[in-house]
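Next comes upload_15.pdb, with PDB, C-alpha atoms.
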MODEL        1
ATOM      1  CA  MET I   1     -27.309   6.975 -28.458
ATOM      2  CA  PRO I   2     -28.785   8.871 -25.473
ATOM      3  CA  ASP I   3     -27.364   6.561 -22.790
ATOM      4  CA  LEU I   4     -23.717   6.933 -23.849
ATOM      5  CA  LEU I   5     -21.182   9.725 -23.351
ATOM      6  CA  TYR I   6     -21.504  10.896 -26.970
ATOM      7  CA  GLU I   7     -25.071  11.010 -28.243
ATOM      8  CA  ASN I   8     -24.088  11.602 -31.865
ATOM      9  CA  ARG I   9     -23.232   8.254 -33.511
ATOM     10  CA  VAL I  10     -20.569   9.706 -35.814
ATOM     11  CA  GLU I  11     -18.867  11.501 -32.943
ATOM     12  CA  HIS I  12     -19.097   8.364 -30.829
ATOM     13  CA  ILE I  13     -17.401   6.152 -33.419
ATOM     14  CA  SER I  14     -14.780   8.672 -34.565
ATOM     15  CA  THR I  15     -13.635   9.591 -31.050
ATOM     16  CA  LEU I  16     -13.601   5.930 -30.014
ATOM     17  CA  LEU I  17     -11.397   4.933 -32.966
ATOM     18  CA  TRP I  18      -9.020   7.817 -32.338
ATOM     19  CA  ASP I  19      -8.781   7.093 -28.596
ATOM     20  CA  LEU I  20      -8.182   3.391 -29.275
ATOM     21  CA  LEU I  21      -5.358   4.278 -31.652
ATOM     22  CA  VAL I  22      -3.746   6.565 -29.063
ATOM     23  CA  PHE I  23      -4.238   3.898 -26.417
ATOM     24  CA  TYR I  24      -2.495   1.178 -28.433
ATOM     25  CA  VAL I  25       0.428   3.436 -29.347
ATOM     26  CA  LYS I  26       0.920   4.632 -25.764
ATOM     27  CA  SER I  27       0.499   1.111 -24.386
ATOM     28  CA  PHE I  28       3.230  -0.157 -26.698
ATOM     29  CA  LEU I  29       5.550   2.642 -25.596
ATOM     30  CA  TYR I  30       4.781   2.092 -21.901
ATOM     31  CA  ILE I  31       5.369  -1.657 -22.194
ATOM     32  CA  CYS I  32       8.705  -1.016 -23.891
ATOM     33  CA  GLU I  33       9.587   1.504 -21.173
ATOM     34  CA  ALA I  34       8.663  -0.939 -18.388
ATOM     35  CA  PHE I  35      10.644  -3.732 -20.026
ATOM     36  CA  PHE I  36      13.681  -1.506 -20.456
ATOM     37  CA  LEU I  37      13.558  -0.214 -16.869
ATOM     38  CA  SER I  38      13.243  -3.770 -15.550
ATOM     39  CA  LEU I  39      16.627  -4.512 -17.119
ATOM     40  CA  VAL I  40      18.368  -1.451 -15.668
ATOM     41  CA  PRO I  41      20.006  -2.038 -12.252
ATOM     42  CA  THR I  42      18.659   0.226  -9.511
ATOM     43  CA  LYS I  43      21.999   1.998  -9.075
ATOM     44  CA  TYR I  44      21.738   3.269 -12.650
ATOM     45  CA  ARG I  45      18.134   4.460 -12.308
ATOM     46  CA  GLN I  46      17.184   8.071 -11.624
ATOM     47  CA  LEU I  47      16.002   7.922  -8.020
ATOM     48  CA  LYS I  48      13.974  10.436  -6.041
ATOM     49  CA  ASP I  49      15.992  12.531  -3.608
ATOM     50  CA  VAL I  50      14.184  12.467  -0.248
ATOM     51  CA  LYS I  51      16.713  14.565   1.657
ATOM     52  CA  ASN I  52      14.955  16.904   4.137
ATOM     53  CA  GLN I  53      11.530  15.619   3.069
ATOM     54  CA  VAL I  54       9.051  14.842   5.849
ATOM     55  CA  VAL I  55       8.204  11.128   5.746
ATOM     56  CA  LEU I  56       5.245  10.070   7.896
ATOM     57  CA  ILE I  57       4.993   6.324   8.554
ATOM     58  CA  THR I  58       2.032   4.849  10.421
ATOM     59  CA  GLY I  59       2.815   1.705  12.363
ATOM     60  CA  GLY I  60       6.391   2.922  12.622
ATOM     61  CA  GLY I  61       6.990   1.367  16.032
ATOM     62  CA  GLY I  62       7.863  -2.088  14.787
ATOM     63  CA  GLY I  63       8.269  -4.522  11.940
ATOM     64  CA  VAL I  64       8.481  -3.098   8.457
ATOM     65  CA  GLY I  65       7.581   0.403   9.681
ATOM     66  CA  LYS I  66      10.608   0.579  11.970
ATOM     67  CA  LEU I  67      12.947  -0.635   9.227
ATOM     68  CA  MET I  68      11.523   1.830   6.692
ATOM     69  CA  SER I  69      12.091   4.601   9.230
ATOM     70  CA  LEU I  70      15.772   3.697   9.428
ATOM     71  CA  ASN I  71      16.065   3.424   5.644
ATOM     72  CA  PHE I  72      14.574   6.870   5.088
ATOM     73  CA  ALA I  73      16.676   8.360   7.890
ATOM     74  CA  ARG I  74      19.805   7.051   6.180
ATOM     75  CA  LEU I  75      18.637   8.960   3.090
ATOM     76  CA  GLN I  76      18.556  12.171   5.194
ATOM     77  CA  ALA I  77      14.752  12.377   5.296
ATOM     78  CA  ARG I  78      12.952  13.835   8.309
ATOM     79  CA  VAL I  79      11.180  10.804   9.724
ATOM     80  CA  VAL I  80       7.922  10.987  11.675
ATOM     81  CA  ILE I  81       6.314   7.832  13.036
ATOM     82  CA  TRP I  82       2.888   7.104  14.448
ATOM     83  CA  ASP I  83       2.079   4.108  16.594
ATOM     84  CA  ILE I  84      -0.428   3.162  19.261
ATOM     85  CA  ASN I  85       2.365   1.965  21.554
ATOM     86  CA  GLN I  86       4.734   4.475  23.166
ATOM     87  CA  GLU I  87       7.309   1.798  23.980
ATOM     88  CA  ALA I  88       7.389   0.732  20.342
ATOM     89  CA  ILE I  89       7.876   4.359  19.293
ATOM     90  CA  ASN I  90      10.776   4.676  21.729
ATOM     91  CA  THR I  91      12.358   1.539  20.264
ATOM     92  CA  THR I  92      12.355   3.053  16.766
ATOM     93  CA  ILE I  93      13.629   6.424  18.024
ATOM     94  CA  ASP I  94      16.453   4.683  19.905
ATOM     95  CA  LEU I  95      17.355   2.659  16.812
ATOM     96  CA  LEU I  96      17.660   5.789  14.677
ATOM     97  CA  GLU I  97      19.511   7.717  17.361
ATOM     98  CA  SER I  98      22.027   4.861  17.647
ATOM     99  CA  GLU I  99      23.088   5.737  14.094
ATOM    100  CA  GLY I 100      22.983   9.481  14.665
ATOM    101  CA  TYR I 101      19.558  10.217  13.191
ATOM    102  CA  ARG I 102      16.588  12.036  14.683
ATOM    103  CA  CYS I 103      13.015  10.834  14.635
ATOM    104  CA  LYS I 104       9.787  12.279  15.964
ATOM    105  CA  GLY I 105       7.113   9.935  17.266
ATOM    106  CA  TYR I 106       3.462  10.411  18.167
ATOM    107  CA  VAL I 107       1.074   8.061  19.945
ATOM    108  CA  VAL I 108      -1.958   7.778  17.666
ATOM    109  CA  ASP I 109      -4.872   5.358  17.772
ATOM    110  CA  LEU I 110      -5.739   5.003  14.089
ATOM    111  CA  ALA I 111      -9.253   3.935  15.031
ATOM    112  CA  ASN I 112      -9.826   7.485  16.321
ATOM    113  CA  ARG I 113     -10.541   9.937  13.484
ATOM    114  CA  GLU I 114     -10.343  13.008  15.704
ATOM    115  CA  LYS I 115      -6.928  11.965  17.030
ATOM    116  CA  ILE I 116      -5.632  11.435  13.479
ATOM    117  CA  THR I 117      -6.853  14.853  12.348
ATOM    118  CA  GLU I 118      -5.481  16.572  15.445
ATOM    119  CA  THR I 119      -2.068  14.903  15.223
ATOM    120  CA  MET I 120      -1.751  15.640  11.522
ATOM    121  CA  LYS I 121      -2.145  19.337  12.340
ATOM    122  CA  VAL I 122       0.467  19.035  15.104
ATOM    123  CA  VAL I 123       2.919  17.384  12.712
ATOM    124  CA  ARG I 124       2.430  20.188  10.207
ATOM    125  CA  GLN I 125       3.062  22.819  12.893
ATOM    126  CA  GLU I 126       6.032  21.129  14.575
ATOM    127  CA  ILE I 127       7.770  19.415  11.643
ATOM    128  CA  GLY I 128       6.262  20.795   8.437
ATOM    129  CA  PRO I 129       4.023  19.595   5.606
ATOM    130  CA  VAL I 130       4.190  15.864   4.917
ATOM    131  CA  HIS I 131       5.927  15.033   1.637
ATOM    132  CA  ILE I 132       5.712  11.238   1.782
ATOM    133  CA  LEU I 133       2.826   9.486   3.567
ATOM    134  CA  ILE I 134       3.142   5.735   4.136
ATOM    135  CA  ASN I 135      -0.072   4.144   5.417
ATOM    136  CA  ASN I 136       1.564   1.031   6.813
ATOM    137  CA  ALA I 137      -0.209   0.185  10.087
ATOM    138  CA  GLY I 138      -2.677  -2.645  10.256
ATOM    139  CA  THR I 139      -4.419  -5.113  12.534
ATOM    140  CA  VAL I 140      -5.580  -8.699  12.106
ATOM    141  CA  CYS I 141      -7.607 -11.106  14.240
ATOM    142  CA  CYS I 142      -7.803 -14.198  12.005
ATOM    143  CA  LYS I 143     -11.011 -15.944  13.033
ATOM    144  CA  PRO I 144     -13.875 -17.352  10.959
ATOM    145  CA  LEU I 145     -16.754 -14.923  10.631
ATOM    146  CA  TRP I 146     -18.934 -16.830  13.114
ATOM    147  CA  ASP I 147     -16.257 -16.365  15.795
ATOM    148  CA  LEU I 148     -15.418 -12.761  14.921
ATOM    149  CA  PRO I 149     -16.658 -10.191  17.495
ATOM    150  CA  GLU I 150     -18.454  -7.159  16.083
ATOM    151  CA  LYS I 151     -16.099  -4.725  17.819
ATOM    152  CA  VAL I 152     -13.100  -6.447  16.270
ATOM    153  CA  ILE I 153     -14.633  -6.087  12.801
ATOM    154  CA  GLU I 154     -15.286  -2.381  13.379
ATOM    155  CA  ASN I 155     -11.776  -1.824  14.706
ATOM    156  CA  THR I 156     -10.193  -3.645  11.751
ATOM    157  CA  TYR I 157     -12.053  -1.416   9.308
ATOM    158  CA  ALA I 158     -11.192   1.721  11.290
ATOM    159  CA  VAL I 159      -7.462   0.972  11.413
ATOM    160  CA  ASN I 160      -6.885  -0.787   8.091
ATOM    161  CA  ILE I 161      -8.860   1.428   5.709
ATOM    162  CA  LEU I 162     -10.838   4.288   7.263
ATOM    163  CA  SER I 163      -7.646   5.749   8.736
ATOM    164  CA  HIS I 164      -6.282   6.071   5.191
ATOM    165  CA  TYR I 165      -9.024   8.563   4.377
ATOM    166  CA  TRP I 166      -8.180  10.742   7.369
ATOM    167  CA  THR I 167      -4.386  10.647   6.949
ATOM    168  CA  VAL I 168      -4.574  11.402   3.227
ATOM    169  CA  LYS I 169      -7.118  14.181   3.677
ATOM    170  CA  GLY I 170      -4.843  15.688   6.319
ATOM    171  CA  CYS I 171      -1.932  16.245   3.937
ATOM    172  CA  LEU I 172      -3.396  16.078   0.416
ATOM    173  CA  ASP I 173      -3.799  19.843  -0.034
ATOM    174  CA  ASP I 174      -0.100  20.391   0.690
ATOM    175  CA  MET I 175       0.844  17.580  -1.680
ATOM    176  CA  ILE I 176      -1.286  18.970  -4.494
ATOM    177  CA  GLU I 177       0.341  22.366  -4.046
ATOM    178  CA  ASN I 178       3.947  21.275  -3.458
ATOM    179  CA  GLY I 179       4.120  17.677  -4.703
ATOM    180  CA  GLY I 180       4.209  14.519  -2.628
ATOM    181  CA  HIS I 181       3.922  10.766  -2.493
ATOM    182  CA  ILE I 182       1.219   8.517  -1.022
ATOM    183  CA  VAL I 183       2.070   4.892  -0.263
ATOM    184  CA  THR I 184      -0.694   2.413   0.508
ATOM    185  CA  VAL I 185       0.463  -0.825   2.096
ATOM    186  CA  ALA I 186      -2.261  -3.301   1.205
ATOM    187  CA  SER I 187      -1.647  -7.055   0.996
ATOM    188  CA  VAL I 188      -1.849 -10.091  -1.236
ATOM    189  CA  ALA I 189      -4.848 -10.857   0.991
ATOM    190  CA  GLY I 190      -6.462  -7.862  -0.718
ATOM    191  CA  MET I 191      -6.079  -9.592  -4.070
ATOM    192  CA  LEU I 192      -7.252 -13.046  -2.985
ATOM    193  CA  GLY I 193      -9.801 -13.773  -0.247
ATOM    194  CA  THR I 194      -8.064 -15.501   2.660
ATOM    195  CA  TYR I 195      -9.371 -17.956   5.255
ATOM    196  CA  GLY I 196     -10.014 -16.411   8.666
ATOM    197  CA  CYS I 197      -9.696 -12.929   7.210
ATOM    198  CA  THR I 198     -13.208 -11.833   6.229
ATOM    199  CA  ASP I 199     -12.428  -8.530   7.952
ATOM    200  CA  TYR I 200      -8.724  -8.251   7.106
ATOM    201  CA  SER I 201      -9.041  -9.313   3.457
ATOM    202  CA  ALA I 202     -12.040  -7.046   2.952
ATOM    203  CA  THR I 203     -10.149  -4.028   4.289
ATOM    204  CA  LYS I 204      -7.140  -4.821   2.101
ATOM    205  CA  PHE I 205      -9.389  -5.138  -0.962
ATOM    206  CA  ALA I 206     -10.758  -1.740   0.106
ATOM    207  CA  CYS I 207      -7.220  -0.332   0.379
ATOM    208  CA  ILE I 208      -6.580  -1.297  -3.223
ATOM    209  CA  GLY I 209      -9.869   0.216  -4.365
ATOM    210  CA  PHE I 210      -9.266   3.401  -2.376
ATOM    211  CA  HIS I 211      -5.767   3.759  -3.768
ATOM    212  CA  GLU I 212      -6.720   3.144  -7.396
ATOM    213  CA  ALA I 213      -9.741   5.454  -7.203
ATOM    214  CA  LEU I 214      -7.665   8.248  -5.665
ATOM    215  CA  TYR I 215      -5.002   7.713  -8.332
ATOM    216  CA  THR I 216      -7.714   8.151 -10.974
ATOM    217  CA  GLU I 217      -9.020  11.340  -9.368
ATOM    218  CA  LEU I 218      -5.578  12.919  -9.074
ATOM    219  CA  ARG I 219      -4.625  12.094 -12.660
ATOM    220  CA  THR I 220      -7.983  13.240 -14.048
ATOM    221  CA  HIS I 221      -7.585  16.665 -12.437
ATOM    222  CA  GLY I 222      -3.963  17.051 -13.476
ATOM    223  CA  HIS I 223      -2.369  16.637 -10.053
ATOM    224  CA  ASP I 224       0.575  14.749 -11.517
ATOM    225  CA  ARG I 225       2.988  15.992  -8.855
ATOM    226  CA  VAL I 226       1.365  13.640  -6.343
ATOM    227  CA  ASN I 227       2.884  10.208  -6.907
ATOM    228  CA  MET I 228       1.241   7.053  -5.598
ATOM    229  CA  THR I 229       2.592   3.593  -4.868
ATOM    230  CA  LEU I 230       0.437   0.576  -4.039
ATOM    231  CA  VAL I 231       2.267  -2.155  -2.102
ATOM    232  CA  CYS I 232       0.837  -5.687  -1.933
ATOM    233  CA  PRO I 233       3.155  -7.959   0.063
ATOM    234  CA  TYR I 234       2.801 -11.658   0.817
ATOM    235  CA  TYR I 235       2.983 -12.809   4.447
ATOM    236  CA  ILE I 236       5.718 -10.920   6.315
ATOM    237  CA  ASN I 237       7.668 -12.469   9.155
ATOM    238  CA  THR I 238       6.887  -9.718  11.688
ATOM    239  CA  GLY I 239       4.697 -11.703  14.075
ATOM    240  CA  MET I 240       1.474 -10.418  12.560
ATOM    241  CA  PHE I 241       0.798 -13.870  11.133
ATOM    242  CA  ALA I 242       2.815 -15.817  13.687
ATOM    243  CA  GLY I 243       2.156 -19.554  13.568
ATOM    244  CA  VAL I 244       1.052 -19.530   9.926
ATOM    245  CA  ARG I 245       3.125 -21.933   7.809
ATOM    246  CA  PRO I 246       2.666 -21.312   4.054
ATOM    247  CA  ARG I 247       3.086 -24.269   1.747
ATOM    248  CA  LEU I 248       4.570 -22.892  -1.470
ATOM    249  CA  MET I 249       6.919 -20.113  -0.373
ATOM    250  CA  PRO I 250       8.292 -18.848   2.933
ATOM    251  CA  MET I 251       7.242 -15.606   4.566
ATOM    252  CA  LEU I 252       9.012 -12.466   3.434
ATOM    253  CA  GLU I 253      11.673 -11.009   5.683
ATOM    254  CA  PRO I 254      10.830  -7.504   7.017
ATOM    255  CA  GLN I 255      14.122  -5.991   5.846
ATOM    256  CA  HIS I 256      13.513  -7.126   2.276
ATOM    257  CA  VAL I 257      10.006  -5.632   2.326
ATOM    258  CA  ALA I 258      11.225  -2.340   3.820
ATOM    259  CA  ASP I 259      14.014  -2.087   1.251
ATOM    260  CA  SER I 260      11.592  -2.854  -1.586
ATOM    261  CA  ILE I 261       9.059  -0.224  -0.483
ATOM    262  CA  VAL I 262      11.684   2.510  -0.104
ATOM    263  CA  SER I 263      13.130   1.571  -3.497
ATOM    264  CA  ALA I 264       9.655   1.675  -5.079
ATOM    265  CA  VAL I 265       9.069   5.147  -3.621
ATOM    266  CA  ARG I 266      12.377   6.446  -4.943
ATOM    267  CA  LYS I 267      11.605   5.009  -8.397
ATOM    268  CA  ASN I 268       8.025   6.398  -8.316
ATOM    269  CA  GLU I 269       6.714   2.910  -9.047
ATOM    270  CA  VAL I 270       2.928   2.672  -9.226
ATOM    271  CA  ASN I 271       2.649  -0.959  -8.091
ATOM    272  CA  CYS I 272       4.890  -3.047  -5.868
ATOM    273  CA  VAL I 273       3.817  -6.686  -5.460
ATOM    274  CA  LEU I 274       6.047  -8.847  -3.272
ATOM    275  CA  PRO I 275       7.325 -11.305  -4.273
ATOM    276  CA  ASP I 276       7.188 -10.758  -8.041
ATOM    277  CA  SER I 277       5.975 -14.335  -8.606
ATOM    278  CA  VAL I 278       2.662 -13.520  -6.917
ATOM    279  CA  ARG I 279       1.932 -10.965  -9.648
ATOM    280  CA  LEU I 280       2.051 -13.799 -12.179
ATOM    281  CA  MET I 281      -0.239 -16.072 -10.144
ATOM    282  CA  MET I 282      -3.047 -13.605  -9.450
ATOM    283  CA  PRO I 283      -4.565 -13.642 -12.983
ATOM    284  CA  LEU I 284      -5.336 -17.351 -12.514
ATOM    285  CA  LYS I 285      -8.094 -16.287 -10.131
ATOM    286  CA  HIS I 286      -9.947 -14.682 -13.050
ATOM    287  CA  TRP I 287      -8.936 -17.070 -15.823
ATOM    288  CA  LEU I 288      -9.804 -20.324 -14.073
ATOM    289  CA  PRO I 289     -13.361 -21.508 -13.312
ATOM    290  CA  ALA I 290     -14.439 -20.710  -9.754
ATOM    291  CA  LYS I 291     -14.232 -24.352  -8.672
ATOM    292  CA  ALA I 292     -10.725 -24.652 -10.101
ATOM    293  CA  SER I 293      -9.688 -21.493  -8.234
ATOM    294  CA  TRP I 294     -10.935 -23.030  -5.017
ATOM    295  CA  GLU I 295      -8.970 -26.210  -5.698
ATOM    296  CA  MET I 296      -5.843 -24.143  -6.265
ATOM    297  CA  MET I 297      -6.373 -22.271  -2.989
ATOM    298  CA  ALA I 298      -7.385 -25.230  -0.831
ATOM    299  CA  ARG I 299      -5.518 -28.170  -2.358
ATOM    300  CA  VAL I 300      -2.402 -26.711  -3.973
ATOM    301  CA  MET I 301      -1.696 -23.703  -1.765
ATOM    302  CA  LYS I 302      -3.275 -25.205   1.389
ATOM    303  CA  GLY I 303      -4.381 -21.708   2.336
ATOM    304  CA  PRO I 304      -7.014 -22.627   4.952
ATOM    305  CA  ASN I 305      -4.761 -25.263   6.532
ATOM    306  CA  SER I 306      -1.946 -22.726   6.833
ATOM    307  CA  MET I 307      -4.132 -20.016   8.328
ATOM    308  CA  MET I 308      -5.612 -22.399  10.925
ATOM    309  CA  LEU I 309      -2.162 -22.438  12.543
ATOM    310  CA  PHE I 310      -2.398 -18.680  13.237
ATOM    311  CA  LYS I 311      -1.069 -17.527  16.609
ATOM    312  CA  GLY I 312      -0.558 -13.848  15.796
ATOM    313  CA  ARG I 313      -0.256 -11.135  18.369
ATOM    314  CA  GLY I 314      -2.814  -8.585  17.126
ATOM    315  CA  ARG I 315      -2.121  -5.031  16.009
ATOM    316  CA  VAL I 316       1.360  -4.640  14.571
ATOM    317  CA  ALA I 317       2.858  -3.179  11.424
ATOM    318  CA  ALA I 318       0.967  -4.116   8.306
ATOM    319  CA  GLY I 319       1.815  -7.091   6.122
TER     320      GLY I 319
ENDMDL
END
Rewrite the structure from the file as structure tokens, please.
Amino acid sequence: MPDLLYENRVEHISTLLWDLLVFYVKSFLYICEAFFLSLVPTKYRQLKDVKNQVVLITGGGGGVGKLMSLNFARLQARVVIWDINQEAINTTIDLLESEGYRCKGYVVDLANREKITETMKVVRQEIGPVHILINNAGTVCCKPLWDLPEKVIENTYAVNILSHYWTVKGCLDDMIENGGHIVTVASVAGMLGTYGCTDYSATKFACIGFHEALYTELRTHGHDRVNMTLVCPYYINTGMFAGVRPRLMPMLEPQHVADSIVSAVRKNEVNCVLPDSVRLMMPLKHWLPAKASWEMMARVMKGPNSMMLFKGRGRVAAG
């Protein structure tokens, strides 16, 4: 069996049977654990203490990013925010200061790799190593491909996914040495292709792939002290998808999303899909015939019709 991992047939079969047995036993235990934890109220769970930890949030000048900043500040974390807009940064800083908390903000264009790398070094020098990195910022244009300018496509990729490489690489060594947490805010649009979002959906699919691949690499090399949480929210009522009117369920409120992400981080949850009902619907995409999936998207969910009402305002906090 020269094309497989184990060339010896006996070794191939024996190791496969053993690994399958271990897999089934562990899977049963993990399912029982997940079921049990789902029944335990959050206040009775063992939660991560983030006091004095440096929490870096991209897109922290508004929307979910601003609310997460306040949530982490209330937990005594040292909050650092990045945003492209200085006024938005000031708004978040003022909000935290109104409750007696401090926050450090930096103007960063996430489409600029050199600026990301430079600012990450500044944060390390001025504040300290990043313990929790939340890649939250994002941008959306929402036009059919034939109306989508090339520069917009390039900018969407730079902000929504390429920036994740540079932010993670900027603090990963410290996390491997001292422990840490990486949060990737993707989207339900990264699980299901969305009308008018050939660029946005593609980058959110890429966020999921990036996150899962990095998770695999860290676990394979024994870097278990670096926790990872993948967040896939439905539409969020931040203005990013202003005008869009979903058919089946209303947009999520930013405070609920912020609370859910912070809770997921403190519980070291691997996946956070919002709302939970979406997690149950996604498998239909793979179980149903392609034509039936299209009927569900276009006729039942009215996805294209909803997205045609888009009047969003461009680059804001991710959702």
Excluding Pro233 in chain I and residues on its chain fewer than 3 positions from it, collect all residues at most 6 Å away from it, counting all atoms listed in the file, and give them as a PDB file with C-alpha atoms, in the frame of the given file.
ATOM      1  CA  SER I 187      -1.647  -7.055   0.996  1.00  0.00           C
ATOM      2  CA  VAL I 188      -1.849 -10.091  -1.236  1.00  0.00           C
ATOM      3  CA  VAL I 273       3.817  -6.686  -5.460  1.00  0.00           C
ATOM      4  CA  LEU I 274       6.047  -8.847  -3.272  1.00  0.00           C
TER       5      LEU I 274
END
If you count all atoms listed in the file, which residues fall within 7 Å of Ser69 in chain I, apart from same-chain ones fewer than 3 positions away, as an MDAnalysis selection string? chainID I and resid 60 65:66 72:73 79
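Nearest residue to Thr139 in chain I among I:Gln125, I:Gln76, I:Asn160, I:Asn178 is I:Asn160, counting only C-alpha atoms.
Interatomic distance, CA of Ala290 in chain I against CA of Cys197 in chain I: 19.3 Å.
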Determine, counting all atoms listed in the file, every residue of protein, DNA or RNA that lies within 8 Å of (4.3, 6.9, 16.4) in the file coordinates, then give the result as a list in words. Ile57, Thr58, Gly59, Gly60, Gly61, Val80, Ile81, Trp82, Asp83, Ile84, Asn85, Gln86, Ala88, Ile89, Lys104, Gly105, Tyr106, Val107 and Val108 of chain I
Got a sec to resolve the PyMOL selection byres ((chain I and resi 251) around 12) on this structure and send the residues as a ChimeraX atom specification? /I:233-250,252-257,274-275,306,319
Starting from the shown file, work through the PyMOL selection byres ((chain I and resi 270) around 9) and note down what comes out as a ChimeraX atom specification. /I:227-231,264-265,268-269,271-272
Evaluating the PyMOL selection byres ((chain I and resi 143) around 12) on the displayed file yields which residues, as a PyMOL selection string? chain I and resi 140-142+144-150+152-153+194-201+304+307-312+314
Write the residues of the selection above to a file with C-alpha atoms, as an mmCIF file, in the frame of the given file.
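Listing of part25.cif after writing:
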data_model
loop_
_atom_site.group_PDB
_atom_site.id
_atom_site.type_symbol
_atom_site.label_atom_id
_atom_site.label_comp_id
_atom_site.auth_asym_id
_atom_site.auth_seq_id
_atom_site.Cartn_x
_atom_site.Cartn_y
_atom_site.Cartn_z
ATOM 1 C CA VAL I 140 -5.580 -8.699 12.106
ATOM 2 C CA CYS I 141 -7.607 -11.106 14.240
ATOM 3 C CA CYS I 142 -7.803 -14.198 12.005
ATOM 4 C CA PRO I 144 -13.875 -17.352 10.959
ATOM 5 C CA LEU I 145 -16.754 -14.923 10.631
ATOM 6 C CA TRP I 146 -18.934 -16.830 13.114
ATOM 7 C CA ASP I 147 -16.257 -16.365 15.795
ATOM 8 C CA LEU I 148 -15.418 -12.761 14.921
ATOM 9 C CA PRO I 149 -16.658 -10.191 17.495
ATOM 10 C CA GLU I 150 -18.454 -7.159 16.083
ATOM 11 C CA VAL I 152 -13.100 -6.447 16.270
ATOM 12 C CA ILE I 153 -14.633 -6.087 12.801
ATOM 13 C CA THR I 194 -8.064 -15.501 2.660
ATOM 14 C CA TYR I 195 -9.371 -17.956 5.255
ATOM 15 C CA GLY I 196 -10.014 -16.411 8.666
ATOM 16 C CA CYS I 197 -9.696 -12.929 7.210
ATOM 17 C CA THR I 198 -13.208 -11.833 6.229
ATOM 18 C CA ASP I 199 -12.428 -8.530 7.952
ATOM 19 C CA TYR I 200 -8.724 -8.251 7.106
ATOM 20 C CA SER I 201 -9.041 -9.313 3.457
ATOM 21 C CA PRO I 304 -7.014 -22.627 4.952
ATOM 22 C CA MET I 307 -4.132 -20.016 8.328
ATOM 23 C CA MET I 308 -5.612 -22.399 10.925
ATOM 24 C CA LEU I 309 -2.162 -22.438 12.543
ATOM 25 C CA PHE I 310 -2.398 -18.680 13.237
ATOM 26 C CA LYS I 311 -1.069 -17.527 16.609
ATOM 27 C CA GLY I 312 -0.558 -13.848 15.796
ATOM 28 C CA GLY I 314 -2.814 -8.585 17.126
#
Find the residue from I:Gln53, I:Asn90, I:Thr216, I:Thr15 that sits nearest to Leu133 in chain I; use all atoms listed in the file when measuring. I:Gln53
Cut-off 12 Å around (14.4, 9.8, -1.2) with all atoms listed in the file: residues as a ChimeraX atom specification: /I:46-55,68-69,71-79,131-132,180-181,261-268
Point-to-point distance in Å for CA of Asn136 in chain I and CA of Val183 in chain I: 8.1 Å
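Distance-wise, CA of Met120 in chain I and CA of Gly100 in chain I end up 25.7 Å apart.
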For a quick check of understanding, using only C-alpha atoms, which of I:Ala206, I:Ile176, I:Ile134, I:Ala298 has the smallest distance to Leu56 in chain I? I:Ile134
Counting only C-alpha atoms, the option among I:Pro289, I:Pro283, I:Gly222, I:Gly303 closest to Glu177 in chain I: I:Gly222
Generate the coordinates of N, CA and C atoms for range 9-19 of chain I; report them as an mmCIF file, in the frame of the given file.
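Once everything was written out, this is selection-v8.cif:
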data_model
loop_
_atom_site.group_PDB
_atom_site.id
_atom_site.type_symbol
_atom_site.label_atom_id
_atom_site.label_comp_id
_atom_site.auth_asym_id
_atom_site.auth_seq_id
_atom_site.Cartn_x
_atom_site.Cartn_y
_atom_site.Cartn_z
ATOM 1 N N ARG I 9 -23.863 9.522 -33.148
ATOM 2 C CA ARG I 9 -23.232 8.254 -33.511
ATOM 3 C C ARG I 9 -21.881 8.470 -34.196
ATOM 4 N N VAL I 10 -21.823 9.451 -35.104
ATOM 5 C CA VAL I 10 -20.569 9.706 -35.814
ATOM 6 C C VAL I 10 -19.480 10.139 -34.838
ATOM 7 N N GLU I 11 -19.834 11.042 -33.930
ATOM 8 C CA GLU I 11 -18.867 11.501 -32.943
ATOM 9 C C GLU I 11 -18.436 10.351 -32.042
ATOM 10 N N HIS I 12 -19.391 9.508 -31.690
ATOM 11 C CA HIS I 12 -19.097 8.364 -30.829
ATOM 12 C C HIS I 12 -18.062 7.445 -31.480
ATOM 13 N N ILE I 13 -18.284 7.090 -32.730
ATOM 14 C CA ILE I 13 -17.401 6.152 -33.419
ATOM 15 C C ILE I 13 -16.039 6.776 -33.712
ATOM 16 N N SER I 14 -16.039 8.024 -34.189
ATOM 17 C CA SER I 14 -14.780 8.672 -34.565
ATOM 18 C C SER I 14 -13.876 8.891 -33.351
ATOM 19 N N THR I 15 -14.451 9.366 -32.254
ATOM 20 C CA THR I 15 -13.635 9.591 -31.050
ATOM 21 C C THR I 15 -13.153 8.272 -30.453
ATOM 22 N N LEU I 16 -13.994 7.240 -30.539
ATOM 23 C CA LEU I 16 -13.601 5.930 -30.014
ATOM 24 C C LEU I 16 -12.418 5.363 -30.800
ATOM 25 N N LEU I 17 -12.485 5.445 -32.135
ATOM 26 C CA LEU I 17 -11.397 4.933 -32.966
ATOM 27 C C LEU I 17 -10.100 5.692 -32.696
ATOM 28 N N TRP I 18 -10.210 7.014 -32.605
ATOM 29 C CA TRP I 18 -9.020 7.817 -32.338
ATOM 30 C C TRP I 18 -8.415 7.482 -30.971
ATOM 31 N N ASP I 19 -9.277 7.380 -29.939
ATOM 32 C CA ASP I 19 -8.781 7.093 -28.596
ATOM 33 C C ASP I 19 -8.184 5.690 -28.515
#
